[in-house]
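Visitor: Structure file work.cif (mmCIF, N, CA and C atoms) right here:
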data_work
#
loop_
_atom_site.group_PDB
_atom_site.id
_atom_site.type_symbol
_atom_site.label_atom_id
_atom_site.label_comp_id
_atom_site.auth_asym_id
_atom_site.auth_seq_id
_atom_site.Cartn_x
_atom_site.Cartn_y
_atom_site.Cartn_z
ATOM 1 N N MET A 1 4.702 -24.464 2.097
ATOM 2 C CA MET A 1 4.898 -23.147 2.670
ATOM 3 C C MET A 1 3.978 -22.138 1.981
ATOM 4 N N ASP A 2 3.444 -21.213 2.758
ATOM 5 C CA ASP A 2 2.532 -20.195 2.236
ATOM 6 C C ASP A 2 3.345 -18.969 1.827
ATOM 7 N N TYR A 3 3.367 -18.666 0.529
ATOM 8 C CA TYR A 3 4.169 -17.560 0.020
ATOM 9 C C TYR A 3 3.382 -16.270 -0.136
ATOM 10 N N ARG A 4 2.135 -16.253 0.266
ATOM 11 C CA ARG A 4 1.313 -15.062 0.054
ATOM 12 C C ARG A 4 1.824 -13.847 0.817
ATOM 13 N N ASN A 5 2.505 -14.023 1.925
ATOM 14 C CA ASN A 5 2.949 -12.895 2.730
ATOM 15 C C ASN A 5 4.224 -12.247 2.204
ATOM 16 N N LEU A 6 4.823 -12.819 1.180
ATOM 17 C CA LEU A 6 6.088 -12.290 0.693
ATOM 18 C C LEU A 6 5.933 -10.957 -0.020
ATOM 19 N N ARG A 7 4.768 -10.653 -0.503
ATOM 20 C CA ARG A 7 4.554 -9.397 -1.234
ATOM 21 C C ARG A 7 3.814 -8.389 -0.365
ATOM 22 N N ARG A 8 4.270 -8.238 0.864
ATOM 23 C CA ARG A 8 3.688 -7.247 1.757
ATOM 24 C C ARG A 8 4.784 -6.335 2.269
ATOM 25 N N VAL A 9 4.438 -5.072 2.456
ATOM 26 C CA VAL A 9 5.364 -4.122 3.064
ATOM 27 C C VAL A 9 4.677 -3.473 4.250
ATOM 28 N N ARG A 10 5.497 -3.057 5.192
ATOM 29 C CA ARG A 10 4.976 -2.426 6.400
ATOM 30 C C ARG A 10 5.356 -0.955 6.394
ATOM 31 N N GLY A 11 4.351 -0.106 6.503
ATOM 32 C CA GLY A 11 4.581 1.327 6.603
ATOM 33 C C GLY A 11 4.457 2.072 5.289
ATOM 34 N N VAL A 12 4.091 3.333 5.423
ATOM 35 C CA VAL A 12 3.878 4.199 4.269
ATOM 36 C C VAL A 12 5.193 4.459 3.534
ATOM 37 N N LYS A 13 6.280 4.622 4.276
ATOM 38 C CA LYS A 13 7.572 4.879 3.635
ATOM 39 C C LYS A 13 7.966 3.714 2.722
ATOM 40 N N SER A 14 7.758 2.478 3.189
ATOM 41 C CA SER A 14 8.073 1.311 2.366
ATOM 42 C C SER A 14 7.193 1.261 1.127
ATOM 43 N N LEU A 15 5.917 1.636 1.288
ATOM 44 C CA LEU A 15 5.033 1.669 0.117
ATOM 45 C C LEU A 15 5.502 2.736 -0.866
ATOM 46 N N CYS A 16 5.925 3.890 -0.377
ATOM 47 C CA CYS A 16 6.448 4.939 -1.261
ATOM 48 C C CYS A 16 7.635 4.427 -2.059
ATOM 49 N N GLU A 17 8.532 3.702 -1.409
ATOM 50 C CA GLU A 17 9.700 3.153 -2.090
ATOM 51 C C GLU A 17 9.286 2.157 -3.166
ATOM 52 N N TYR A 18 8.304 1.308 -2.850
ATOM 53 C CA TYR A 18 7.815 0.346 -3.836
ATOM 54 C C TYR A 18 7.200 1.071 -5.037
ATOM 55 N N LEU A 19 6.353 2.051 -4.767
ATOM 56 C CA LEU A 19 5.686 2.775 -5.853
ATOM 57 C C LEU A 19 6.702 3.494 -6.746
ATOM 58 N N THR A 20 7.736 4.048 -6.146
ATOM 59 C CA THR A 20 8.791 4.686 -6.925
ATOM 60 C C THR A 20 9.509 3.656 -7.791
ATOM 61 N N SER A 21 9.730 2.464 -7.233
ATOM 62 C CA SER A 21 10.449 1.426 -7.986
ATOM 63 C C SER A 21 9.663 0.926 -9.194
ATOM 64 N N ILE A 22 8.336 1.058 -9.163
ATOM 65 C CA ILE A 22 7.530 0.631 -10.315
ATOM 66 C C ILE A 22 7.100 1.826 -11.174
ATOM 67 N N ASN A 23 7.799 2.948 -10.973
ATOM 68 C CA ASN A 23 7.570 4.148 -11.772
ATOM 69 C C ASN A 23 6.180 4.754 -11.566
ATOM 70 N N CYS A 24 5.732 4.733 -10.319
ATOM 71 C CA CYS A 24 4.453 5.350 -9.966
ATOM 72 C C CYS A 24 4.627 6.079 -8.630
ATOM 73 N N PRO A 25 5.512 7.092 -8.592
ATOM 74 C CA PRO A 25 5.802 7.743 -7.310
ATOM 75 C C PRO A 25 4.584 8.430 -6.717
ATOM 76 N N MET A 26 4.506 8.376 -5.392
ATOM 77 C CA MET A 26 3.394 8.983 -4.672
ATOM 78 C C MET A 26 3.936 9.462 -3.330
ATOM 79 N N SER A 27 3.526 10.620 -2.892
ATOM 80 C CA SER A 27 4.032 11.167 -1.632
ATOM 81 C C SER A 27 3.367 10.477 -0.439
ATOM 82 N N GLU A 28 4.044 10.555 0.706
ATOM 83 C CA GLU A 28 3.480 9.980 1.933
ATOM 84 C C GLU A 28 2.163 10.664 2.279
ATOM 85 N N SER A 29 2.083 11.975 2.086
ATOM 86 C CA SER A 29 0.842 12.686 2.422
ATOM 87 C C SER A 29 -0.319 12.225 1.545
ATOM 88 N N THR A 30 -0.045 11.941 0.292
ATOM 89 C CA THR A 30 -1.100 11.432 -0.590
ATOM 90 C C THR A 30 -1.568 10.059 -0.126
ATOM 91 N N ILE A 31 -0.625 9.205 0.257
ATOM 92 C CA ILE A 31 -0.996 7.870 0.735
ATOM 93 C C ILE A 31 -1.818 7.968 2.013
ATOM 94 N N TYR A 32 -1.411 8.837 2.943
ATOM 95 C CA TYR A 32 -2.194 9.008 4.176
ATOM 96 C C TYR A 32 -3.597 9.513 3.877
ATOM 97 N N ARG A 33 -3.726 10.415 2.899
ATOM 98 C CA ARG A 33 -5.062 10.911 2.520
ATOM 99 C C ARG A 33 -5.907 9.776 1.948
ATOM 100 N N LEU A 34 -5.289 8.929 1.109
ATOM 101 C CA LEU A 34 -6.013 7.792 0.540
ATOM 102 C C LEU A 34 -6.420 6.790 1.628
ATOM 103 N N ILE A 35 -5.593 6.641 2.636
ATOM 104 C CA ILE A 35 -5.942 5.755 3.759
ATOM 105 C C ILE A 35 -7.137 6.330 4.509
ATOM 106 N N ARG A 36 -7.087 7.629 4.818
ATOM 107 C CA ARG A 36 -8.185 8.270 5.560
ATOM 108 C C ARG A 36 -9.512 8.145 4.825
ATOM 109 N N THR A 37 -9.473 8.245 3.502
ATOM 110 C CA THR A 37 -10.704 8.180 2.716
ATOM 111 C C THR A 37 -11.024 6.755 2.257
ATOM 112 N N LYS A 38 -10.215 5.798 2.749
ATOM 113 C CA LYS A 38 -10.417 4.369 2.452
ATOM 114 C C LYS A 38 -10.418 4.072 0.960
ATOM 115 N N ARG A 39 -9.498 4.725 0.246
ATOM 116 C CA ARG A 39 -9.411 4.541 -1.202
ATOM 117 C C ARG A 39 -8.211 3.710 -1.635
ATOM 118 N N ILE A 40 -7.391 3.268 -0.669
ATOM 119 C CA ILE A 40 -6.231 2.451 -0.995
ATOM 120 C C ILE A 40 -6.281 1.193 -0.126
ATOM 121 N N PRO A 41 -6.017 0.026 -0.706
ATOM 122 C CA PRO A 41 -6.080 -1.207 0.091
ATOM 123 C C PRO A 41 -4.953 -1.258 1.124
ATOM 124 N N HIS A 42 -5.337 -1.511 2.364
ATOM 125 C CA HIS A 42 -4.369 -1.609 3.442
ATOM 126 C C HIS A 42 -4.955 -2.426 4.585
ATOM 127 N N ILE A 43 -4.068 -2.855 5.458
ATOM 128 C CA ILE A 43 -4.462 -3.576 6.667
ATOM 129 C C ILE A 43 -3.884 -2.795 7.832
ATOM 130 N N ARG A 44 -4.694 -2.587 8.872
ATOM 131 C CA ARG A 44 -4.229 -1.878 10.064
ATOM 132 C C ARG A 44 -4.468 -2.783 11.272
ATOM 133 N N PRO A 45 -3.502 -3.681 11.570
ATOM 134 C CA PRO A 45 -3.691 -4.601 12.686
ATOM 135 C C PRO A 45 -3.697 -3.906 14.047
ATOM 136 N N SER A 46 -3.072 -2.744 14.132
ATOM 137 C CA SER A 46 -3.149 -1.926 15.343
ATOM 138 C C SER A 46 -3.036 -0.467 14.924
ATOM 139 N N LYS A 47 -3.230 0.426 15.869
ATOM 140 C CA LYS A 47 -3.293 1.850 15.544
ATOM 141 C C LYS A 47 -2.041 2.366 14.849
ATOM 142 N N GLN A 48 -0.876 1.847 15.201
ATOM 143 C CA GLN A 48 0.361 2.384 14.656
ATOM 144 C C GLN A 48 0.995 1.528 13.564
ATOM 145 N N ILE A 49 0.319 0.480 13.121
ATOM 146 C CA ILE A 49 0.898 -0.405 12.114
ATOM 147 C C ILE A 49 0.027 -0.397 10.861
ATOM 148 N N LEU A 50 0.656 -0.177 9.730
ATOM 149 C CA LEU A 50 -0.012 -0.252 8.432
ATOM 150 C C LEU A 50 0.726 -1.275 7.585
ATOM 151 N N ILE A 51 -0.032 -2.171 6.981
ATOM 152 C CA ILE A 51 0.543 -3.186 6.107
ATOM 153 C C ILE A 51 -0.148 -3.079 4.755
ATOM 154 N N PHE A 52 0.666 -3.150 3.701
ATOM 155 C CA PHE A 52 0.148 -3.064 2.339
ATOM 156 C C PHE A 52 0.500 -4.344 1.600
ATOM 157 N N ASP A 53 -0.501 -4.988 1.038
ATOM 158 C CA ASP A 53 -0.304 -6.169 0.192
ATOM 159 C C ASP A 53 0.004 -5.648 -1.212
ATOM 160 N N LEU A 54 1.196 -5.927 -1.700
ATOM 161 C CA LEU A 54 1.621 -5.357 -2.974
ATOM 162 C C LEU A 54 0.816 -5.883 -4.157
ATOM 163 N N ASP A 55 0.306 -7.099 -4.069
ATOM 164 C CA ASP A 55 -0.573 -7.596 -5.137
ATOM 165 C C ASP A 55 -1.861 -6.774 -5.180
ATOM 166 N N ALA A 56 -2.409 -6.468 -4.008
ATOM 167 C CA ALA A 56 -3.622 -5.644 -3.942
ATOM 168 C C ALA A 56 -3.335 -4.228 -4.436
ATOM 169 N N ILE A 57 -2.162 -3.700 -4.097
ATOM 170 C CA ILE A 57 -1.771 -2.362 -4.563
ATOM 171 C C ILE A 57 -1.649 -2.353 -6.088
ATOM 172 N N ASP A 58 -1.032 -3.385 -6.659
ATOM 173 C CA ASP A 58 -0.912 -3.471 -8.122
ATOM 174 C C ASP A 58 -2.285 -3.504 -8.792
ATOM 175 N N ARG A 59 -3.209 -4.290 -8.240
ATOM 176 C CA ARG A 59 -4.567 -4.340 -8.787
ATOM 177 C C ARG A 59 -5.240 -2.972 -8.650
ATOM 178 N N TRP A 60 -5.098 -2.334 -7.500
ATOM 179 C CA TRP A 60 -5.683 -1.032 -7.253
ATOM 180 C C TRP A 60 -5.162 0.000 -8.257
ATOM 181 N N LEU A 61 -3.858 -0.039 -8.515
ATOM 182 C CA LEU A 61 -3.279 0.904 -9.479
ATOM 183 C C LEU A 61 -3.857 0.701 -10.869
ATOM 184 N N SER A 62 -4.080 -0.537 -11.256
ATOM 185 C CA SER A 62 -4.612 -0.796 -12.591
ATOM 186 C C SER A 62 -6.074 -0.345 -12.698
ATOM 187 N N ILE A 63 -6.793 -0.352 -11.597
ATOM 188 C CA ILE A 63 -8.185 0.098 -11.596
ATOM 189 C C ILE A 63 -8.273 1.627 -11.513
ATOM 190 N N GLU A 64 -7.488 2.207 -10.582
ATOM 191 C CA GLU A 64 -7.539 3.644 -10.339
ATOM 192 C C GLU A 64 -6.828 4.449 -11.409
ATOM 193 N N GLU A 65 -5.842 3.855 -12.068
ATOM 194 C CA GLU A 65 -5.020 4.556 -13.048
ATOM 195 C C GLU A 65 -4.471 5.845 -12.465
ATOM 196 N N VAL A 66 -3.876 5.722 -11.271
ATOM 197 C CA VAL A 66 -3.318 6.867 -10.549
ATOM 198 C C VAL A 66 -2.144 7.432 -11.294
#
As structure tokens, how would this structure be written, given the file I've shared?
Guide:
Amino acid sequence: MDYRNLRRVRGVKSLCEYLTSINCPMSESTIYRLIRTKRIPHIRPSKQILIFDLDAIDRWLSIEEV
């Protein structure tokens, strides 16, 4: 079984909840700004769906030191 998909969340609100749980709170507006400027790792399979790979987010946080 492929377990790589287990660390993904769908939507900005879910990402906000994850970031708060790891003691790195970030507002939805900040996340949307980072998406617009392509500074946060995300997948957009369609116009209204955003998916965040939490492993990629963890790596991004360690690089960006947000």
Visitor: For the provided coordinates, the residues matched by the PyMOL selection byres ((chain A and resi 9) around 6.5) should be stated as a PyMOL selection string.
Guide: chain A and resi 7-8+10-11+14-15+50-54
Visitor: Any idea what the distance is between atom C of Gln48 in chain A and atom C of Ser62 in chain A?
Guide: 27.3 Å
Visitor: I'd like to know which of A:Leu6, A:Cys16, A:Ile40, A:Tyr32 is closest to Leu61 in chain A, using only C-alpha atoms.
Guide: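 Closest candidate: A:Ile40.
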Visitor: Which of chain A end up as strand (DSSP E) when DSSP is run on this backbone - answer as a PyMOL selection string?
Guide: chain A and resi 8-10+43-46+49-53
Visitor: As number ranges by chain, which residues of chain A does DSSP assign to alpha helix (DSSP H)?
Guide: A: 12-21, 28-36, 54-64
Visitor: What separation in Å, quoted to one decimal, exists between CA of Thr37 in chain A and CA of Ile63 in chain A?
Guide: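 For CA of Thr37 in chain A relative to CA of Ile63 in chain A, the distance reads 16.6 Å.
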Visitor: Report the distance between CA of Ile43 in chain A and CA of Tyr18 in chain A in Å, rounded to one decimal place.
Guide: 16.6 Å
Visitor: Point out the residue among A:Val12, A:Arg44, A:Arg39, A:Ala56 with the least atom-to-atom distance to Ser27 in chain A, counting all atoms listed in the file.
Guide: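 Nearest candidate to Ser27 in chain A out of A:Val12, A:Arg44, A:Arg39, A:Ala56: A:Val12.
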